[in-house]
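Encoded as structure tokens, the structure appears first; notes follow it.
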Amino acid sequence: MSLHVDAGTPRRAPVPPPRRNARRGPGRTLLSWLDLKAAPYLLISPYYLLFLLFGIFPLAFTLWYSLYDYDLAGTVTWTGLGNYTALLTDSAFWNAVVNTLGMFAIATVPQILLALLLANALNKRIRGRLFVRLGVLLPLVTSVVAVAVVFTQLYGRDWGLVNWILGSVGVDPIDWKAERLPSWLAISTMIDWRWTGYNAIIFLAAMQTIPKDLYEAAAIDGASRRRQFWQITIPMLRPTMIFVVLNSTIGGLTLFAEPTTFYGGNVHGGSNSQFQTVSMFIVEQGFREFDYGYAAGAAWLLFLMILIGSLINFLLIRRIGGNK
Amino acid sequence: MTTLSAPADARARRTKAARRADLWKATPVTKIVLTVTLIVSAFPLYWMIVIASRSNREATDIPPPFLPGGNLGQNIQRVLSNEDAHYLAGLTNSIIIASTVTVSVVLISTFAGFAFARLRFKGSRVLLLLVLVTMMVPLQQMGLVPLYRMMVGLEWIGTLKAVILPYLFNGFGVFLMTQYTEQAVPNELVEAARVDGASTLRIWWNVILPAVRPGMAVLGINTFMLTWNDFLWPLIVLTPDNPTVQVAINSLNAKYGTDYVLIFSGTALSVVPLIVVFIAFGRQIIGGLMEGAVKA
């Protein structure tokens with residue numbers, strides 16, 4: 001990040017002064033005026049053009065689709081809010097909502113606590129810093145599908161390593177896919193394995209901006225390390241905490257790849273949909289049942305869930321350590 | 001430089017230094033936490049190699065094998081020649097898709113970042129705010145149905161275009177490059193070039209581009225990884241005979257559920273290129289990540 005970048009523009013002789021240079025003729029002025037006024041818009045236009053086509057347009061059309069009823073034969077009929085009222089009384093949809101929220105809670109709470117603990121450890125003076133940080137981030141590089149494939153095998157009922165370890169301490173083998181809670185636990189560990197290190201690095205970055213004098217002053221006053229952590233570190237981390245939690249909320253509520261791979265690439269989420277998430281429900285409705293309207297309605301309800309979830313988490317975190 | 005400082009002063013300084021050192025010393029707990037984390041981080045990847053280099057009979061042994069075997073080459077050959085997975089096509093497609101998306105996202109973000117950070121124009125604040133707001137919207141899920149219908153209408157289902165186009169832009173990239181340009185290119189440099197009569201495009205090429213190259217690298221690596229690992233959208237718009245590498249693994253997983261060795265070999269083969277990139281650029285990735293985090 002050197003600021004002394006060679007600008008590459010060969011310096012011209014100081015005479016004639018640049019002012020006159022810019023006013024060589026009327027055409028030149030018009031051109032440079034145009035350049036000054038229009039160039040910024042030209043520079044941002046690729047982004048907004050693509051955003052309009054592949055961002056705004058689909059978003060608006062999702063709303064449009066959600067007002068129609070599609071059936072397998074391809075007939076389309078207007079239903080108004082029919083899809084939404086049907087969704088709100090559809091036990092399959094609510095099942096997906098409960099599964100999503102359940103896995104989100106089981107995955108996120110330990111993940112953030114572990115990430116804080118890990119960041120605190122990384123913030124100490126340690127040997128081989130880069131090596132340790134790379135090791136911590138290694139899971140992030142691994143694709144979700146790869147993670148899910150490996151963990152699904154580890155959680156296998158008959159030959160899985162987890163059951164073998166449990167068996168060696170006398171616990172009966174668990175059929176991780178068959179029941180609701182075990183499947184949620186298994187999927188949550190996949191999420192946490194992949195994201196805890198990433199969040200720890202984000203926390204670490206924020207921790208390093210906290211002035212060290214604060215800790216030294218606290219230590220002189222006799223505050224224990226634990227107390228320093230809760231009274232200094234946590235309140236100072238609040239903005240980062242908001243970022244991390246909002247990120248986890250969006251990621252957690254749109255969960256798709258892990259549970260899908262866990263059930264062999266099937267979006268049904270287990271024999272009784274015991275781990276089908278809302279994203280999987282959307283795909284099942286839209287691309288297995290071809291009920292586009294229903295899927296689009298579910299997508300809007302998912303968006304609503306994310307907004308509410310983000311708001312609740314935001315308010316909660318603002319309260320934590322609010323004594324700063 | 002008070003070389004003749006009183007001894008008391010020196011002692012005070014030394015104790016302060018000692019206390020400072022003590023506060024940041026790694027305790028046994030620190031070491032345990034880090035060691036356990038490293039083992040847990042590495043184990044599933046190690047396990048992947050163990051199973052990928054064994055035979056199916058060994059993979060389902062009880063107790064399971066803990067050391068790699070000698071079948072890796074043979075297993076990978078089975079993956080590459082598998083008729084359902086189209087693994088090689090998937091690998092090629094993933095490279096094409098991830099590279100195209102990366103180049104586009106980096107270029108578009110660098111353009112927009114320059115405009116937002118160093119040019120004055122009407123509506124720039126609102127437009128930048130719009131970028132930040134849309135970073136919160138899960139576009140993948142929200143736009144799924146209309147985007148799919150759009151691809152059907154264009155008859156692009158099963159083609160790489162359908163995967164690439166919706167990913168060519170990225171709000172996070174614009175945000176990152178705006179931050180980066182603000183920090184790496186002093187305003188005076190842009191003004192000076194302007195006074196010298198350089199056009200906006202020339203300033204971008206000669207002043208901005210050389211200065212923001214490290215930021216572009218971080219964004220590029222991030223984008224490549226995200227695109228390489230993406231699953232939901234390719235699964236929906238591609239067909240199994242022309243997949244991405246993730247979709248190919250999914251096909252293996254769906255068709256050969258208990259042929260762990262085959263599935264694991266395919267998975268390992270998809271992960272290794274990224275780990276190589278990650279280790280090669282590790283320092284920059286971590287630096288970029290931590291810098292971005294503080295500013296967010």
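To be explicit about the labels: the chains of the structure tokens are called A, B, and onward in the order shown, and within each one the residues are counted from 1, while ligands get numbers from 1 in the order they are shown.
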
Taking 6 positions as the minimum chain separation for residues in the same chain, which residues sit within 12 Å of Pro64 in chain B when counting only C-alpha atoms? Answer as a ChimeraX atom specification. /A:153-154,158-165 /B:47,50-51,54-58

Using only C-alpha atoms, determine which residues lie at most 9 Å from Leu235 in chain B, disregarding the query and same-chain residues fewer than 4 positions distant; provide the list as a VMD selection string. chain B and resid 231 239 to 240 243 to 244 246 to 247 250

Once you have the residues from the selection above, write them out as a CSV table (one decimal), in the first residue's frame, restricted to C-alpha atoms.
chain,number,residue,atom,x,y,z
B,231,PHE,CA,-23.6,-24.3,-5.8
B,239,THR,CA,-27.5,-29.8,-16.7
B,240,PRO,CA,-25.6,-32.7,-15.3
B,243,PRO,CA,-21.8,-29.0,-14.9
B,244,THR,CA,-19.5,-27.0,-12.7
B,246,GLN,CA,-19.5,-28.6,-7.5
B,247,VAL,CA,-22.5,-29.8,-9.6
B,250,ASN,CA,-23.3,-33.4,-6.4

Give me the range 24-108 of chain B side of the contact with range 218-224 of chain B, cut-off 8 Å, one line per residue showing its nearest atom pair and distance in Å at one decimal, counting only C-alpha atoms, sorted by chain and residue number, as JSON lines.
{"residue": "B:Ala98", "atom": "CA", "partner": "B:Phe224", "partner_atom": "CA", "distance": 5.3}
{"residue": "B:Ser99", "atom": "CA", "partner": "B:Phe224", "partner_atom": "CA", "distance": 6.7}
{"residue": "B:Val101", "atom": "CA", "partner": "B:Phe224", "partner_atom": "CA", "distance": 7.5}
{"residue": "B:Thr102", "atom": "CA", "partner": "B:Gly220", "partner_atom": "CA", "distance": 5.6}
{"residue": "B:Val103", "atom": "CA", "partner": "B:Gly220", "partner_atom": "CA", "distance": 7.3}
{"residue": "B:Val105", "atom": "CA", "partner": "B:Thr223", "partner_atom": "CA", "distance": 7.6}
{"residue": "B:Val106", "atom": "CA", "partner": "B:Gly220", "partner_atom": "CA", "distance": 6.1}

Under the rule of at most 10 Å, produce a per-residue listing of range 73-149 of chain A near range 271-290 of chain A: chain, number, name, the closest pair of atoms, and the distance in Å, as a Markdown table, using only C-alpha atoms.
| residue | atom | partner | partner_atom | distance |
| --- | --- | --- | --- | --- |
| A:Ala73 | CA | A:Phe290 | CA | 9.4 |
| A:Gly74 | CA | A:Phe290 | CA | 8.7 |
| A:Ala92 | CA | A:Ser273 | CA | 8.2 |
| A:Phe93 | CA | A:Phe281 | CA | 7.1 |
| A:Trp94 | CA | A:Val278 | CA | 8.8 |
| A:Asn95 | CA | A:Gln274 | CA | 7.7 |
| A:Ala96 | CA | A:Thr277 | CA | 4.7 |
| A:Val97 | CA | A:Val278 | CA | 5.9 |
| A:Val98 | CA | A:Thr277 | CA | 8.3 |
| A:Asn99 | CA | A:Phe275 | CA | 5.8 |
| A:Thr100 | CA | A:Thr277 | CA | 5.0 |
| A:Leu101 | CA | A:Thr277 | CA | 8.7 |
| A:Gly102 | CA | A:Phe275 | CA | 9.5 |
| A:Met103 | CA | A:Phe275 | CA | 8.5 |

Find the residues around range 104-107 of chain A up to 9 Å (only C-alpha atoms counted), leave out those fewer than 3 positions away in its own chain, and share them as a VMD selection string. chain A and resid 99 to 101 110 to 112 184 to 185 187 to 192 248 to 249 251 to 253 255

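With only C-alpha atoms as the basis for measurement, A:Tyr47 is the residue among A:Tyr47, A:Tyr70, A:Trp230, A:Tyr84 that approaches chain B most closely.
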
Report as a PyMOL selection string all protein, DNA and RNA residues lying within 7 Å of range 48-54 of chain A, evaluated on only C-alpha atoms, omitting residues in the same chain fewer than 3 positions from it. (chain A and resi 44-45+57-58) or (chain B and resi 166+169)

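Once Leu204 in chain A and its same-chain neighbours fewer than 6 positions away are set aside, Ala119, Asn120, Leu122 and Asn123 of chain A; Met290 of chain B remain within 8 Å of it when counting only C-alpha atoms.
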
Extract, using only C-alpha atoms, all DNA, RNA and protein residues at most 10 Å from Val40 in chain B, discarding same-chain residues fewer than 3 positions from it, and format them as number ranges by chain. A: 135-136, 139, 193; B: 34-37, 43-45

Export of prior selection with C-alpha atoms as a short mmCIF file (atom, residue, chain, number, x, y, z; two decimals), in the first residue's frame:
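So the final result, stored in selection.cif, reads:
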data_model
loop_
_atom_site.label_atom_id
_atom_site.label_comp_id
_atom_site.auth_asym_id
_atom_site.auth_seq_id
_atom_site.Cartn_x
_atom_site.Cartn_y
_atom_site.Cartn_z
CA GLY A 135 -4.64 -22.70 9.41
CA VAL A 136 -7.61 -20.99 11.00
CA PRO A 139 -11.97 -24.22 6.17
CA TRP A 193 -16.39 -25.62 10.97
CA LEU B 34 -4.90 -22.65 19.07
CA THR B 35 -3.65 -26.22 18.87
CA VAL B 36 -7.13 -27.67 19.10
CA THR B 37 -8.37 -25.19 16.48
CA PHE B 43 -8.75 -32.82 10.17
CA PRO B 44 -11.67 -32.98 7.67
CA LEU B 45 -9.25 -32.09 4.86
#

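Here the DSSP assignment of strand (DSSP E or B), based on backbone atoms, applies within range 49-235 of chain A to Tyr68, Asp69, Tyr70, Val76, Thr77, Trp78 and Arg125 of chain A.
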
To one decimal place in Å, what is the distance between CA of Ile203 in chain B and CA of Leu127 in chain B?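 Answer for the CA of Ile203 in chain B to CA of Leu127 in chain B separation: 22.2 Å.
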
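Here CA of Phe121 in chain B and CA of Trp33 in chain A stand 12.7 Å from one another.
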
Taking the chain letters and numbering used in this document, name the residues of range 275-304 of chain A that DSSP puts in helix (DSSP H, G or I), as a ChimeraX atom specification. /A:278-287,292-304
